[in-house]
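A quick write-up on the structure given underneath.
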Amino acid sequence: ELFSGIGGMRVSLEGAGVKLKSVVAVEINQECNRTYRHNFPEDPAGAVRAKLVEQLGPADFGGMDLWTMSPPCQPYSTTKGAVQRDDADPRSAGLAHLIAMLTSDAMPDETLPRWVLLENVKGFNGSKMHERFRAALASRGFSFRQFLLSPAQCRVPNNRMRFYLLAERSRRWAHVTLSEVATSMPSREEGEEEK
C-alpha cells in the first residue's frame, strides 16, 4: 500500500472480500503511521515503513501481487482556488519515481505486481502524470480499465467523484481504448466473462 495514509485502500479491499496474505504500508507521515498501526494491530513489526515512496528501490517490491496507491491529489485538484501544477508539483515526485522504476531496466519483471490500483481526484484523469503512468504500465505489459466513480455508487455516504485506474499484467483489457473512462461499476457478470 503506497502513499498508505491510515489504510483506506486496505479497508476497502478487505471490505470487498479481498484476502490479503501480507501487507506493506509505505507512508512518510508519522501520525498516519501511528493510526495505521492502531487500525491494524495484527500486522507484524516492520509492516509499516516510514519513508517516502521515492526512497524505494526495486528490492522493496519483490513478492508483491498488488500495488495500491493514492498519490497526493493536490497537483491535480480542481477545487476552487487550486493550482494544478501536475508533474511540476513536488508532491508528484513519488509517482514520478514509480514511473521511472517501471520504465527502468533496474526493475526486473519478477518484481512487478500482477495488479495495480490507483485512486485520485477526478482532475488526475488527463493529467501529464496520468499519461506517463499509463504509458509506463503499458510498456511493462499491463492493460487497464479507468473509472470516474463516486463512493455513493458503492453505497458509501460520500458524493465526491474519484478517479480509479485498475491495471492487470495481462492483455485482459487490451481492447479498452486509452480515452475510455467508465462512469459505472462493471457487473459481476462482466468481470467473470473477462477472466
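Letters A, B, ... go to the chains of the C-alpha cells in the order shown; residues in each chain start at 1; ligands are counted from 1 in the same order.
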
Long-range neighbours of range 94-108 of chain A as JSON, numbers by chain, 6 Å cut-off, only C-alpha atoms, 4 positions minimum in chain = {"A": [53, 54, 58, 133, 136]}

May I have the residues within 7 Å of Leu149 in chain A as a PDB file with all heavy atoms, in the first residue's frame, using only C-alpha atoms and disregarding those fewer than 3 positions away in the same chain?
```pdb
ATOM      1  N   GLN A 153     -21.924   5.550  -5.329  1.00  0.00           N
ATOM      2  CA  GLN A 153     -22.319   4.474  -6.241  1.00  0.00           C
ATOM      3  C   GLN A 153     -22.051   3.094  -5.639  1.00  0.00           C
ATOM      4  O   GLN A 153     -22.595   2.108  -6.101  1.00  0.00           O
ATOM      5  CB  GLN A 153     -21.568   4.601  -7.568  1.00  0.00           C
ATOM      6  CG  GLN A 153     -21.999   5.801  -8.384  1.00  0.00           C
ATOM      7  CD  GLN A 153     -21.107   6.003  -9.590  1.00  0.00           C
ATOM      8  OE1 GLN A 153     -20.120   6.701  -9.514  1.00  0.00           O
ATOM      9  NE2 GLN A 153     -21.475   5.376 -10.694  1.00  0.00           N
ATOM     10  N   MET A 161     -16.583  12.726  -6.546  1.00  0.00           N
ATOM     11  CA  MET A 161     -16.121  11.969  -7.696  1.00  0.00           C
ATOM     12  C   MET A 161     -14.635  11.666  -7.559  1.00  0.00           C
ATOM     13  O   MET A 161     -13.848  12.548  -7.213  1.00  0.00           O
ATOM     14  CB  MET A 161     -16.386  12.763  -8.980  1.00  0.00           C
ATOM     15  CG  MET A 161     -16.174  11.985 -10.242  1.00  0.00           C
ATOM     16  SD  MET A 161     -17.320  10.607 -10.465  1.00  0.00           S
ATOM     17  CE  MET A 161     -18.856  11.452 -10.764  1.00  0.00           C
ATOM     18  N   ARG A 162     -14.255  10.414  -7.817  1.00  0.00           N
ATOM     19  CA  ARG A 162     -12.862   9.976  -7.719  1.00  0.00           C
ATOM     20  C   ARG A 162     -12.468   9.265  -9.007  1.00  0.00           C
ATOM     21  O   ARG A 162     -13.297   8.655  -9.685  1.00  0.00           O
ATOM     22  CB  ARG A 162     -12.648   9.010  -6.547  1.00  0.00           C
ATOM     23  CG  ARG A 162     -13.151   9.500  -5.216  1.00  0.00           C
ATOM     24  CD  ARG A 162     -12.536  10.766  -4.747  1.00  0.00           C
ATOM     25  NE  ARG A 162     -11.160  10.561  -4.300  1.00  0.00           N
ATOM     26  CZ  ARG A 162     -10.355  11.526  -3.917  1.00  0.00           C
ATOM     27  NH1 ARG A 162     -10.766  12.781  -3.916  1.00  0.00           N
ATOM     28  NH2 ARG A 162      -9.130  11.278  -3.528  1.00  0.00           N
ATOM     29  N   PHE A 163     -11.180   9.301  -9.321  1.00  0.00           N
ATOM     30  CA  PHE A 163     -10.629   8.596 -10.473  1.00  0.00           C
ATOM     31  C   PHE A 163      -9.949   7.314  -9.985  1.00  0.00           C
ATOM     32  O   PHE A 163      -9.234   7.328  -8.986  1.00  0.00           O
ATOM     33  CB  PHE A 163      -9.595   9.465 -11.195  1.00  0.00           C
ATOM     34  CG  PHE A 163      -8.880   8.734 -12.288  1.00  0.00           C
ATOM     35  CD1 PHE A 163      -9.472   8.569 -13.525  1.00  0.00           C
ATOM     36  CD2 PHE A 163      -7.630   8.182 -12.069  1.00  0.00           C
ATOM     37  CE1 PHE A 163      -8.827   7.867 -14.536  1.00  0.00           C
ATOM     38  CE2 PHE A 163      -6.970   7.485 -13.075  1.00  0.00           C
ATOM     39  CZ  PHE A 163      -7.574   7.322 -14.302  1.00  0.00           C
ATOM     40  N   THR A 183     -18.065   5.236 -16.095  1.00  0.00           N
ATOM     41  CA  THR A 183     -18.681   6.019 -15.027  1.00  0.00           C
ATOM     42  C   THR A 183     -19.651   5.185 -14.198  1.00  0.00           C
ATOM     43  O   THR A 183     -20.430   5.713 -13.417  1.00  0.00           O
ATOM     44  CB  THR A 183     -19.410   7.252 -15.592  1.00  0.00           C
ATOM     45  OG1 THR A 183     -20.365   6.818 -16.559  1.00  0.00           O
ATOM     46  CG2 THR A 183     -18.415   8.224 -16.213  1.00  0.00           C
ATOM     47  N   SER A 184     -19.600   3.879 -14.387  1.00  0.00           N
ATOM     48  CA  SER A 184     -20.395   2.981 -13.555  1.00  0.00           C
ATOM     49  C   SER A 184     -19.570   1.729 -13.289  1.00  0.00           C
ATOM     50  O   SER A 184     -18.642   1.409 -14.033  1.00  0.00           O
ATOM     51  CB  SER A 184     -21.723   2.621 -14.236  1.00  0.00           C
ATOM     52  OG  SER A 184     -21.475   1.925 -15.442  1.00  0.00           O
TER      53      SER A 184
END
```

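The neighbours of Thr68 in chain A here are the residues that come within 10 Å of it, using only C-alpha atoms and leaving out any residue fewer than 2 positions away in the same chain; they are Glu1, Leu2, Phe3, Ser4, Met9, Arg10, Leu13, Ala25, Leu66, Ser70, Pro71, Trp115, Val116, Leu117, Leu118, Glu119 and Leu166 of chain A.
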
Please, what distance in Å, to one decimal, runs between CA of Ile6 in chain A and CA of Lys51 in chain A?
-> 14.3 Å

Run DSSP on the backbone of this structure and report the residues of range 56-89 of chain A it assigns to helix (DSSP H, G or I), as number ranges by chain.
-> A: 58-61, 74-76, 86-88

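You can rank A:Asp43, A:Met64, A:Arg85, A:Met69 by their closest distance to Glu27 in chain A using only C-alpha atoms, and at the top of that list sits A:Met69.
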
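Residues with any atom within 7 Å of Thr111 in chain A, counting only C-alpha atoms and excluding same-chain neighbours fewer than 5 positions away, are A:Pro58, A:Phe61, A:Gly62, A:Gly63.
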
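Around Asp89 in chain A, within 12 Å and counting only C-alpha atoms, the residues found are Pro72, Cys73, Gln74, Pro75, Tyr76, Ser77, Val83, Gln84, Arg85, Ala93, Gly94, Leu95, Ala96, Lys128 and Met129 of chain A, once anything fewer than 4 positions away on its own chain is removed.
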
Please, could you write that set of residues out with N, CA, C and O atoms as an mmCIF file, in the first residue's frame?
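Wrote it out as out32.cif, contents follow:
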```cif
data_model
loop_
_atom_site.group_PDB
_atom_site.id
_atom_site.type_symbol
_atom_site.label_atom_id
_atom_site.label_comp_id
_atom_site.auth_asym_id
_atom_site.auth_seq_id
_atom_site.Cartn_x
_atom_site.Cartn_y
_atom_site.Cartn_z
ATOM 1 N N PRO A 72 -0.487 11.862 -3.639
ATOM 2 C CA PRO A 72 -1.019 13.178 -3.278
ATOM 3 C C PRO A 72 -1.880 13.760 -4.409
ATOM 4 O O PRO A 72 -1.500 13.737 -5.572
ATOM 5 N N CYS A 73 -3.040 14.290 -4.028
ATOM 6 C CA CYS A 73 -4.002 14.761 -5.028
ATOM 7 C C CYS A 73 -3.880 16.253 -5.344
ATOM 8 O O CYS A 73 -4.406 16.723 -6.350
ATOM 9 N N GLN A 74 -3.168 17.017 -4.514
ATOM 10 C CA GLN A 74 -3.120 18.461 -4.687
ATOM 11 C C GLN A 74 -2.655 18.898 -6.087
ATOM 12 O O GLN A 74 -3.173 19.887 -6.615
ATOM 13 N N PRO A 75 -1.703 18.194 -6.733
ATOM 14 C CA PRO A 75 -1.269 18.637 -8.064
ATOM 15 C C PRO A 75 -2.356 18.547 -9.142
ATOM 16 O O PRO A 75 -2.213 19.131 -10.209
ATOM 17 N N TYR A 76 -3.465 17.840 -8.859
ATOM 18 C CA TYR A 76 -4.497 17.597 -9.867
ATOM 19 C C TYR A 76 -5.878 18.091 -9.428
ATOM 20 O O TYR A 76 -6.847 17.937 -10.150
ATOM 21 N N SER A 77 -5.965 18.660 -8.248
ATOM 22 C CA SER A 77 -7.248 19.067 -7.687
ATOM 23 C C SER A 77 -7.888 20.181 -8.511
ATOM 24 O O SER A 77 -7.217 21.104 -8.961
ATOM 25 N N VAL A 83 -4.296 25.225 -7.706
ATOM 26 C CA VAL A 83 -3.358 25.451 -8.804
ATOM 27 C C VAL A 83 -2.884 24.081 -9.270
ATOM 28 O O VAL A 83 -2.143 23.407 -8.565
ATOM 29 N N GLN A 84 -3.348 23.669 -10.431
ATOM 30 C CA GLN A 84 -2.979 22.347 -10.949
ATOM 31 C C GLN A 84 -1.586 22.410 -11.570
ATOM 32 O O GLN A 84 -1.429 22.787 -12.721
ATOM 33 N N ARG A 85 -0.579 22.022 -10.786
ATOM 34 C CA ARG A 85 0.794 22.073 -11.270
ATOM 35 C C ARG A 85 1.226 20.741 -11.860
ATOM 36 O O ARG A 85 2.325 20.632 -12.396
ATOM 37 N N ALA A 93 6.474 13.811 -6.953
ATOM 38 C CA ALA A 93 7.767 13.116 -7.004
ATOM 39 C C ALA A 93 7.653 11.613 -6.747
ATOM 40 O O ALA A 93 8.342 10.815 -7.386
ATOM 41 N N GLY A 94 6.802 11.204 -5.817
ATOM 42 C CA GLY A 94 6.658 9.781 -5.521
ATOM 43 C C GLY A 94 6.126 9.007 -6.712
ATOM 44 O O GLY A 94 6.649 7.938 -7.065
ATOM 45 N N LEU A 95 5.089 9.530 -7.344
ATOM 46 C CA LEU A 95 4.531 8.870 -8.518
ATOM 47 C C LEU A 95 5.531 8.908 -9.673
ATOM 48 O O LEU A 95 5.686 7.923 -10.401
ATOM 49 N N ALA A 96 6.242 10.024 -9.827
ATOM 50 C CA ALA A 96 7.270 10.117 -10.872
ATOM 51 C C ALA A 96 8.351 9.061 -10.650
ATOM 52 O O ALA A 96 8.852 8.452 -11.605
ATOM 53 N N LYS A 128 -0.728 15.122 -17.134
ATOM 54 C CA LYS A 128 0.532 14.601 -17.676
ATOM 55 C C LYS A 128 0.986 13.369 -16.905
ATOM 56 O O LYS A 128 1.471 12.401 -17.490
ATOM 57 N N MET A 129 0.836 13.399 -15.581
ATOM 58 C CA MET A 129 1.243 12.240 -14.773
ATOM 59 C C MET A 129 0.377 11.024 -15.072
ATOM 60 O O MET A 129 0.869 9.899 -15.080
#
```

Expressed in Å to a single decimal, how great is the separation between CA of Asp65 in chain A and CA of Arg140 in chain A?
-> 14.8 Å

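For the pair CA of Val26 in chain A and CA of Val48 in chain A, the interatomic distance is 6.1 Å.
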